[in-house]
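Below: the structure, in structure tokens.
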Amino acid sequence: MEKYVISNGYEGLGDRLQCLSYCLDFALKNNRILKVNWKDKLWNSRFYSYFQLVDVPYTDEKISFSGKSIWPPIWEALGENGSGDWVYDIKEEKLEPSTHDVIVHSGIGFRFYNMPLLSRHLRVSFEIAANVKKHDVVVHLRGTDRYNEGSSLFDLYGESGDAHVITDDARLAQQWAEISPESTISCVGIEGHQPVHKTNPENFYDRNSKAIVDFMTIAIAGEAYSNNPESLFFKMARSLGTPELMLTSAPEEKSKRTQYFIRAT
């Protein structure tokens, strides 16, 4: 019987990619088929609308739990329902080699990650990758729920100079524009302290695609600076080993629908 590992999504893009890296590594080492489930309340999306995987066995089909052993056992009742806040109660569950047919990662809590490994197997969809542009200098201004009152944009500008600026906070976008009128600014444009990935726009795809474009723009920049270097979004983008490879198109899928194994060319 085929064995699976399911990577659920929760929180923002940085967390999701960390957890995906964890599950990808586990699938490769333990000969399991990988399923990615990002149909949670925060993204509510099909993973394969945004990314494809290459050189790893995966499926985008619904996995029937009937007749299969599941770990942790709670998922036997939950099935492939997206993660909710209750996942905090099982966040310490780790992926461990076992005889269970299906192993599920909640998308929160324990994980280890290898971003260079992930970047070798992950491809951004063509539609999203086409909007990613390379800039010599990129500045990431982390705001909203992690707005750093003590950070000095003047000091940051002294390091970066005019740049392409990516931010989730309209206040910071305006402040930077006043300091550096020659900079270009990409801003999702919300006020206050509500995390962007927890807002509820009418079109999840547009919001999530924009996040991926900004993430990859930071990743491939010649130089990158941030007012919050500990921002997971910033750190994960800059730790990708081969981000340019992620922007190349995956080969067209021509095998059976249920299970795929796309090989990079």
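In the structure tokens, chains take letters A, B, ... by order of appearance, with residues numbered from 1 within each chain and ligands from 1 in the order shown.
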
Segment 87-185 of chain A: residues DSSP assigns to strand (DSSP E or B), reported as a PDB file with C-alpha atoms, in the first residue's frame:
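Once everything was written out, this is states16.pdb:
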```pdb
ATOM      1  CA  VAL A 102      -0.666   8.460   6.407  1.00  0.00           C
ATOM      2  CA  ILE A 103       1.310  10.895   8.582  1.00  0.00           C
ATOM      3  CA  VAL A 104      -0.031  14.440   8.919  1.00  0.00           C
ATOM      4  CA  HIS A 105       1.823  17.593   9.919  1.00  0.00           C
ATOM      5  CA  LEU A 122       9.753  23.946  -5.707  1.00  0.00           C
ATOM      6  CA  ARG A 123       8.669  25.931  -8.766  1.00  0.00           C
ATOM      7  CA  VAL A 124       6.555  29.095  -8.745  1.00  0.00           C
ATOM      8  CA  VAL A 137      18.627  46.685  -3.963  1.00  0.00           C
ATOM      9  CA  VAL A 138      15.444  45.702  -2.124  1.00  0.00           C
ATOM     10  CA  VAL A 139      14.271  46.989   1.259  1.00  0.00           C
ATOM     11  CA  HIS A 140      11.702  45.068   3.290  1.00  0.00           C
ATOM     12  CA  LEU A 141       9.723  47.153   5.780  1.00  0.00           C
ATOM     13  CA  HIS A 164      12.700  48.849  -4.458  1.00  0.00           C
ATOM     14  CA  VAL A 165      10.693  48.750  -1.235  1.00  0.00           C
ATOM     15  CA  ILE A 166       8.358  45.941  -0.151  1.00  0.00           C
ATOM     16  CA  THR A 167       6.077  46.536   2.814  1.00  0.00           C
ATOM     17  CA  THR A 184       9.776  52.336  -6.018  1.00  0.00           C
ATOM     18  CA  ILE A 185       7.339  50.912  -3.485  1.00  0.00           C
TER      19      ILE A 185
END
```

With DSSP run on the backbone, what are the alpha helix (DSSP H) residues within segment 16-264 of chain A? I'd like them as a ChimeraX atom specification. /A:16-30,74-78,115-121,126-129,153-160,170-179,204-220,232-238,243-246

Using C-alpha atoms, can you write the selected residues to a file as a PDB file, in the first residue's frame?
```
ATOM      1  CA  ARG A  16       4.108  27.352   5.309  1.00  0.00           C
ATOM      2  CA  LEU A  17       7.352  26.978   3.400  1.00  0.00           C
ATOM      3  CA  GLN A  18       9.225  25.898   6.534  1.00  0.00           C
ATOM      4  CA  CYS A  19       6.649  23.175   7.205  1.00  0.00           C
ATOM      5  CA  LEU A  20       6.614  22.146   3.553  1.00  0.00           C
ATOM      6  CA  SER A  21      10.404  21.792   3.658  1.00  0.00           C
ATOM      7  CA  TYR A  22      10.068  19.557   6.727  1.00  0.00           C
ATOM      8  CA  CYS A  23       7.494  17.322   5.032  1.00  0.00           C
ATOM      9  CA  LEU A  24       9.353  17.274   1.720  1.00  0.00           C
ATOM     10  CA  ASP A  25      12.535  16.100   3.409  1.00  0.00           C
ATOM     11  CA  PHE A  26      10.555  13.428   5.283  1.00  0.00           C
ATOM     12  CA  ALA A  27       8.851  12.220   2.103  1.00  0.00           C
ATOM     13  CA  LEU A  28      12.146  11.873   0.243  1.00  0.00           C
ATOM     14  CA  LYS A  29      13.898  10.067   3.098  1.00  0.00           C
ATOM     15  CA  ASN A  30      11.001   7.701   3.844  1.00  0.00           C
ATOM     16  CA  ILE A  74      -7.001  12.961  15.497  1.00  0.00           C
ATOM     17  CA  TRP A  75      -6.662  13.344  11.733  1.00  0.00           C
ATOM     18  CA  GLU A  76      -8.625  10.168  11.106  1.00  0.00           C
ATOM     19  CA  ALA A  77     -11.750  12.074  12.127  1.00  0.00           C
ATOM     20  CA  LEU A  78     -10.673  15.414  10.640  1.00  0.00           C
ATOM     21  CA  MET A 115      15.375  26.043   2.403  1.00  0.00           C
ATOM     22  CA  PRO A 116      18.091  25.238  -0.172  1.00  0.00           C
ATOM     23  CA  LEU A 117      16.610  21.724  -0.470  1.00  0.00           C
ATOM     24  CA  LEU A 118      13.123  23.178  -0.852  1.00  0.00           C
ATOM     25  CA  SER A 119      14.251  25.609  -3.545  1.00  0.00           C
ATOM     26  CA  ARG A 120      15.590  22.702  -5.637  1.00  0.00           C
ATOM     27  CA  HIS A 121      12.173  21.004  -5.663  1.00  0.00           C
ATOM     28  CA  PHE A 126       4.286  30.636 -14.515  1.00  0.00           C
ATOM     29  CA  GLU A 127       1.606  33.310 -13.970  1.00  0.00           C
ATOM     30  CA  ILE A 128       3.142  34.419 -10.669  1.00  0.00           C
ATOM     31  CA  ALA A 129       6.786  34.052 -11.698  1.00  0.00           C
ATOM     32  CA  LEU A 153      14.111  54.448   8.445  1.00  0.00           C
ATOM     33  CA  PHE A 154      16.713  57.199   8.065  1.00  0.00           C
ATOM     34  CA  ASP A 155      19.441  54.815   9.293  1.00  0.00           C
ATOM     35  CA  LEU A 156      18.152  52.067   7.022  1.00  0.00           C
ATOM     36  CA  TYR A 157      18.119  54.436   4.055  1.00  0.00           C
ATOM     37  CA  GLY A 158      21.719  55.312   4.904  1.00  0.00           C
ATOM     38  CA  GLU A 159      22.598  51.658   4.320  1.00  0.00           C
ATOM     39  CA  SER A 160      20.455  50.939   1.279  1.00  0.00           C
ATOM     40  CA  ALA A 170       0.911  51.895   4.401  1.00  0.00           C
ATOM     41  CA  ARG A 171       2.384  54.069   7.151  1.00  0.00           C
ATOM     42  CA  LEU A 172       5.876  52.790   6.467  1.00  0.00           C
ATOM     43  CA  ALA A 173       5.380  53.129   2.726  1.00  0.00           C
ATOM     44  CA  GLN A 174       4.492  56.812   3.150  1.00  0.00           C
ATOM     45  CA  GLN A 175       7.405  57.459   5.513  1.00  0.00           C
ATOM     46  CA  TRP A 176       9.884  55.867   3.118  1.00  0.00           C
ATOM     47  CA  ALA A 177       8.483  57.788   0.143  1.00  0.00           C
ATOM     48  CA  GLU A 178       9.139  61.045   2.008  1.00  0.00           C
ATOM     49  CA  ILE A 179      12.749  60.022   2.719  1.00  0.00           C
ATOM     50  CA  PHE A 204      -7.484  35.057  -1.727  1.00  0.00           C
ATOM     51  CA  TYR A 205      -5.551  34.290  -4.900  1.00  0.00           C
ATOM     52  CA  ASP A 206      -4.620  37.938  -5.558  1.00  0.00           C
ATOM     53  CA  ARG A 207      -3.405  38.476  -1.995  1.00  0.00           C
ATOM     54  CA  ASN A 208      -1.435  35.231  -1.831  1.00  0.00           C
ATOM     55  CA  SER A 209       0.080  35.701  -5.284  1.00  0.00           C
ATOM     56  CA  LYS A 210       1.247  39.174  -4.305  1.00  0.00           C
ATOM     57  CA  ALA A 211       2.895  37.742  -1.191  1.00  0.00           C
ATOM     58  CA  ILE A 212       4.772  35.196  -3.317  1.00  0.00           C
ATOM     59  CA  VAL A 213       5.892  37.871  -5.789  1.00  0.00           C
ATOM     60  CA  ASP A 214       7.238  40.010  -2.935  1.00  0.00           C
ATOM     61  CA  PHE A 215       8.890  36.975  -1.314  1.00  0.00           C
ATOM     62  CA  MET A 216      10.688  35.993  -4.507  1.00  0.00           C
ATOM     63  CA  THR A 217      11.640  39.607  -5.231  1.00  0.00           C
ATOM     64  CA  ILE A 218      13.446  39.719  -1.890  1.00  0.00           C
ATOM     65  CA  ALA A 219      14.988  36.305  -2.583  1.00  0.00           C
ATOM     66  CA  ILE A 220      16.622  37.201  -5.912  1.00  0.00           C
ATOM     67  CA  LEU A 232      10.439  35.201   9.024  1.00  0.00           C
ATOM     68  CA  PHE A 233       9.282  36.416   5.610  1.00  0.00           C
ATOM     69  CA  PHE A 234      12.621  38.161   5.047  1.00  0.00           C
ATOM     70  CA  LYS A 235      14.844  35.452   6.541  1.00  0.00           C
ATOM     71  CA  MET A 236      13.252  32.614   4.604  1.00  0.00           C
ATOM     72  CA  ALA A 237      13.451  34.514   1.314  1.00  0.00           C
ATOM     73  CA  ARG A 238      17.146  35.228   1.780  1.00  0.00           C
ATOM     74  CA  PRO A 243      15.707  31.096  -5.851  1.00  0.00           C
ATOM     75  CA  GLU A 244      16.234  31.732  -9.573  1.00  0.00           C
ATOM     76  CA  LEU A 245      15.634  28.019 -10.177  1.00  0.00           C
ATOM     77  CA  MET A 246      12.243  28.341  -8.493  1.00  0.00           C
TER      78      MET A 246
END
```

Can you list, as a ChimeraX atom specification, every protein, DNA or RNA residue that comes within 12 Å of Val36 of chain A when you count only C-alpha atoms, leaving out same-chain residues fewer than 4 positions away? /A:4-10,16-17,19-24,27,40,45-53,57-63,80,82,104-107

Go through A:Glu11, A:Glu92, A:Asp55, A:Asp168 one by one, measure the shortest atom-to-atom distance of each to Pro72 of chain A using only C-alpha atoms, and give the residue with the smallest value.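 Among the listed residues, A:Glu92 lies closest to Pro72 of chain A.
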